[in-house]
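Asks: Quick one: structure below, then a few questions.
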Amino acid sequence: MTVKVRIPVPLQRLTKGKEEVDGEPGTIISLVNSLDKKYPGLAERISEGGKLRRFVNVYVNEEDVRFMNNEETEVKDGDEISIVPAIAGGG
Amino acid sequence: MEFTEEQLKRYSRHIILPEVGGKGQKKISEAKVLIIGAGGLGCPVGYYLAAAGVGTIALVDNDNVELSNLQRQIAHSVKTIDVNKAESAKQTFEALNPDVNVIAVNERIGSKNILGLIRDYDIIVDGTDNFPTRYLINDACVMLKKPLVSGAILRFEGQVTTIMPGEGPCYRCLFEEPPPPGLVPSCQEAGVLGVLPGVIGALQATEVLKLIIGKGKPLKGNLLIYDALGVNFRKVRIPKNDNCPVCGKDPKIKDLTDLPEEYCSI
């Protein structure tokens, strides 16, 4: 029973270069915290005090969790989660 | 405007497309596009738009060309090192297509000059390298209802979206606020694969041409994410945020302001 979590390039250092990792169903914030046990530092980059950071978006199958139940959005087996930080390079 | 024999030949592969035709090519030749940033993204966007015959292309950049730019900024060359980037790109685009009126604007974009710069253009392209300017461009485009084709790159990843003020979400609907300085590295600090801005810039140029000819579906309300290492293109939905500080129901941002300089260093 897993959900697929897509890791953006800037955070792949924390996942040993993996672009996709497996997580457990539950709420978004419990998923983030459980991933942090395996990939220390990940939760801090995405969230602060149990809330998602405002320049990082999390999507469940293309839908932005801010317009669902935010950190409490439930993810189930087979869902695809994408973590998308704002980037600004144009260089 | 009637096309000359030479122009009919130059644009023949466009004109033969039913979606473009003579009518679409005429629209292209009458379009006015402003590109902010003549760097990694601005070069390919401007290059392809010049090739396509976009009537007026303005480039805004106050930096000069450096050797370390040439790994990806394809409109510049060793001959234009130390030359203003907008001026350098203008020379390249004019050599490719003398039909195009290229305007080089050697200015740093800020809250004081942005509205005057974008006012006369049909479509704005964001190819800048910092968050304060991205938010400023978004806010100005929302205020003047200018379509904005936004692209961003870092390391091996790129993002593209088309913002249609009044019709869809804006950049602030997507990311409510910029990350604090120091949290997201810049390309200078983190690097960027030289071809990546080519991919993202070509997507931006495609969006611009689609908007000009009025065909296809603009990348409105969606963020396209390209991961070069994993060869993934993903699209996520951007809902319009009713509480958006600039395009929401009760906007709090009514004037343009420049964010503190330190944001520029990220």
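Residue numbering restarts at 1 in every chain; chains get A, B, ... in the order shown in the structure tokens, and ligands count up from 1 in that same order.
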Need to verify the contact set: Gly55 of chain B, 7 Å, only C-alpha atoms, exclusion of same-chain residues closer than 4 positions in sequence. Can you return it as a count of residues only?
Replies: 7
Asks: Output as a list of chain:residue names all residues of chain A that backbone DSSP marks as alpha helix (DSSP H).
Replies: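 Matching residues, listed in order: A:Ile28, A:Ile29, A:Ser30, A:Leu31, A:Val32, A:Asn33, A:Ser34, A:Leu35, A:Asp36, A:Lys37, A:Lys38, A:Leu42, A:Ala43, A:Glu44, A:Arg45, A:Ile46.
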Asks: Store the residues picked out above, limited to C-alpha atoms, as a tab-separated table (two decimals), in the first residue's frame.
Replies:
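As a result, result_25.tsv now contains:
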```
chain	number	residue	atom	x	y	z
A	28	ILE	CA	-0.35	15.11	3.64
A	29	ILE	CA	1.38	16.27	6.79
A	30	SER	CA	1.72	12.73	8.17
A	31	LEU	CA	3.13	11.68	4.80
A	32	VAL	CA	5.68	14.51	4.89
A	33	ASN	CA	6.69	13.66	8.45
A	34	SER	CA	7.04	9.96	7.73
A	35	LEU	CA	9.18	10.68	4.66
A	36	ASP	CA	11.40	12.84	6.85
A	37	LYS	CA	12.30	9.77	8.93
A	38	LYS	CA	13.70	8.12	5.83
A	42	LEU	CA	12.75	16.89	3.78
A	43	ALA	CA	9.96	17.98	6.14
A	44	GLU	CA	11.76	21.18	7.07
A	45	ARG	CA	12.13	22.18	3.43
A	46	ILE	CA	8.44	21.64	2.71
```
Asks: Under the rule of at most 7 Å, produce a per-residue listing of chain A near chain B: chain, number, name, the closest pair of atoms, and the distance in Å, as a Markdown table, using only C-alpha atoms.
Replies:
```
| residue | atom | partner | partner_atom | distance |
| --- | --- | --- | --- | --- |
| A:Val9 | CA | B:Glu157 | CA | 6.4 |
| A:Arg54 | CA | B:Glu176 | CA | 6.0 |
| A:Phe55 | CA | B:Phe175 | CA | 5.3 |
| A:Glu62 | CA | B:Val236 | CA | 4.3 |
| A:Glu63 | CA | B:Arg237 | CA | 5.8 |
| A:Asp64 | CA | B:Arg237 | CA | 6.9 |
| A:Ala86 | CA | B:Phe175 | CA | 6.7 |
| A:Ile87 | CA | B:Ala152 | CA | 6.1 |
| A:Ala88 | CA | B:Asn130 | CA | 5.2 |
| A:Gly89 | CA | B:Asp129 | CA | 4.3 |
| A:Gly90 | CA | B:Asp129 | CA | 4.3 |
| A:Gly91 | CA | B:Gly40 | CA | 4.6 |
```
Asks: Return the single residue from B:Ala52, B:Ile74, B:Ile123, B:Ile137 that is closest to Met164 of chain B, with distances computed using only C-alpha atoms.
Replies: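 Ranking B:Ala52, B:Ile74, B:Ile123, B:Ile137 by distance to Met164 of chain B, first place goes to B:Ile123.
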Asks: Between atom CA of Leu136 of chain B and atom CA of Leu256 of chain B, what distance in Å does the model show, to one decimal?
Replies: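 One can read the atom CA of Leu136 of chain B to atom CA of Leu256 of chain B distance as 6.8 Å.
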Asks: Going by DSSP on the backbone, which residues of segment 32-256 of chain B come out as strand (DSSP E or B)? List them as a ChimeraX atom specification.
Replies: /B:32-36,56-60,64,84,101-105,123-126,148-155,157-163,192,220,222-227,232-237
Asks: Those selected residues, please, written with C-alpha atoms and delivered as a PDB file, in the first residue's frame.
Replies:
```pdb
ATOM      1  CA  LYS B  32       4.192  43.425 -30.366  1.00  0.00           C
ATOM      2  CA  VAL B  33       5.926  41.284 -27.761  1.00  0.00           C
ATOM      3  CA  LEU B  34       8.014  42.485 -24.813  1.00  0.00           C
ATOM      4  CA  ILE B  35      10.601  40.072 -23.414  1.00  0.00           C
ATOM      5  CA  ILE B  36      11.945  40.855 -19.955  1.00  0.00           C
ATOM      6  CA  THR B  56       7.962  44.205 -32.904  1.00  0.00           C
ATOM      7  CA  ILE B  57      10.103  42.543 -30.252  1.00  0.00           C
ATOM      8  CA  ALA B  58      11.375  44.566 -27.316  1.00  0.00           C
ATOM      9  CA  LEU B  59      14.059  43.200 -25.011  1.00  0.00           C
ATOM     10  CA  VAL B  60      14.603  44.600 -21.554  1.00  0.00           C
ATOM     11  CA  ASN B  64      26.257  43.011 -20.108  1.00  0.00           C
ATOM     12  CA  ASN B  84      24.517  45.174 -23.171  1.00  0.00           C
ATOM     13  CA  ASN B 101      11.635  45.714 -35.467  1.00  0.00           C
ATOM     14  CA  VAL B 102      13.805  44.859 -32.458  1.00  0.00           C
ATOM     15  CA  ILE B 103      13.937  47.387 -29.650  1.00  0.00           C
ATOM     16  CA  ALA B 104      16.691  47.095 -27.046  1.00  0.00           C
ATOM     17  CA  VAL B 105      15.838  48.596 -23.664  1.00  0.00           C
ATOM     18  CA  ILE B 123       2.082  39.967 -24.819  1.00  0.00           C
ATOM     19  CA  ILE B 124       4.741  39.996 -22.094  1.00  0.00           C
ATOM     20  CA  VAL B 125       7.346  37.247 -21.612  1.00  0.00           C
ATOM     21  CA  ASP B 126       9.030  36.713 -18.255  1.00  0.00           C
ATOM     22  CA  LEU B 148       2.045  36.968 -19.531  1.00  0.00           C
ATOM     23  CA  VAL B 149       4.019  33.892 -20.562  1.00  0.00           C
ATOM     24  CA  SER B 150       6.169  32.956 -17.608  1.00  0.00           C
ATOM     25  CA  GLY B 151       9.093  30.540 -17.601  1.00  0.00           C
ATOM     26  CA  ALA B 152      11.619  29.599 -14.919  1.00  0.00           C
ATOM     27  CA  ILE B 153      14.552  27.221 -14.753  1.00  0.00           C
ATOM     28  CA  LEU B 154      16.898  25.751 -12.167  1.00  0.00           C
ATOM     29  CA  ARG B 155      19.466  22.978 -12.526  1.00  0.00           C
ATOM     30  CA  GLU B 157      13.998  21.535 -13.976  1.00  0.00           C
ATOM     31  CA  GLY B 158      11.792  24.105 -15.655  1.00  0.00           C
ATOM     32  CA  GLN B 159       8.318  25.556 -15.186  1.00  0.00           C
ATOM     33  CA  VAL B 160       6.038  27.296 -17.687  1.00  0.00           C
ATOM     34  CA  THR B 161       2.614  28.889 -17.378  1.00  0.00           C
ATOM     35  CA  THR B 162       0.510  31.388 -19.299  1.00  0.00           C
ATOM     36  CA  ILE B 163      -1.263  34.007 -17.247  1.00  0.00           C
ATOM     37  CA  VAL B 192      21.709  25.054 -14.857  1.00  0.00           C
ATOM     38  CA  LYS B 220      -3.793  28.931 -18.749  1.00  0.00           C
ATOM     39  CA  ASN B 222      -1.884  25.012 -15.557  1.00  0.00           C
ATOM     40  CA  LEU B 223       1.757  24.798 -14.625  1.00  0.00           C
ATOM     41  CA  LEU B 224       3.863  22.658 -16.932  1.00  0.00           C
ATOM     42  CA  ILE B 225       6.859  21.139 -15.166  1.00  0.00           C
ATOM     43  CA  TYR B 226       9.764  19.653 -17.085  1.00  0.00           C
ATOM     44  CA  ASP B 227      12.258  17.378 -15.381  1.00  0.00           C
ATOM     45  CA  ASN B 232       9.027  13.935 -17.368  1.00  0.00           C
ATOM     46  CA  PHE B 233       6.573  16.569 -18.483  1.00  0.00           C
ATOM     47  CA  ARG B 234       3.873  17.034 -15.863  1.00  0.00           C
ATOM     48  CA  LYS B 235       0.973  19.448 -15.779  1.00  0.00           C
ATOM     49  CA  VAL B 236      -0.670  20.488 -12.541  1.00  0.00           C
ATOM     50  CA  ARG B 237      -3.770  22.607 -12.182  1.00  0.00           C
TER      51      ARG B 237
END
```
Asks: Identify which of the residues A:Glu74, A:Pro25, A:Met68, A:Val56 lies closest to Pro10 of chain A, counting only C-alpha atoms when measuring atom-to-atom distances.
Replies: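 Closest to Pro10 of chain A, using only C-alpha atoms: A:Val56.
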Asks: For Tyr59 of chain A, work out the shell of residues within 8 Å, counting only C-alpha atoms and skipping chain neighbours fewer than 6 positions away, then give it as a VMD selection string.
Replies: (chain A and resid 65 81 to 84) or (chain B and resid 236)
Asks: Could those residues be written to a file, using C-alpha atoms, as a short mmCIF file (atom, residue, chain, number, x, y, z; two decimals), in the first residue's frame?
Replies:
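Output contents, as saved in selection_10.cif:
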```
data_model
loop_
_atom_site.label_atom_id
_atom_site.label_comp_id
_atom_site.auth_asym_id
_atom_site.auth_seq_id
_atom_site.Cartn_x
_atom_site.Cartn_y
_atom_site.Cartn_z
CA VAL A 65 -3.99 20.69 -1.71
CA ILE A 81 1.82 13.36 -5.01
CA SER A 82 3.92 16.15 -6.53
CA ILE A 83 5.98 18.60 -4.53
CA VAL A 84 6.53 21.79 -6.56
CA VAL B 236 -0.67 20.49 -12.54
#
```
Asks: Could you check the closest approach to Val3 of chain A for each of A:Gly17, A:Glu80, A:Val60, A:Pro85 and tell me which residue wins, using only C-alpha atoms?
Replies: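 Of A:Gly17, A:Glu80, A:Val60, A:Pro85, the one nearest Val3 of chain A is A:Glu80, counting only C-alpha atoms.
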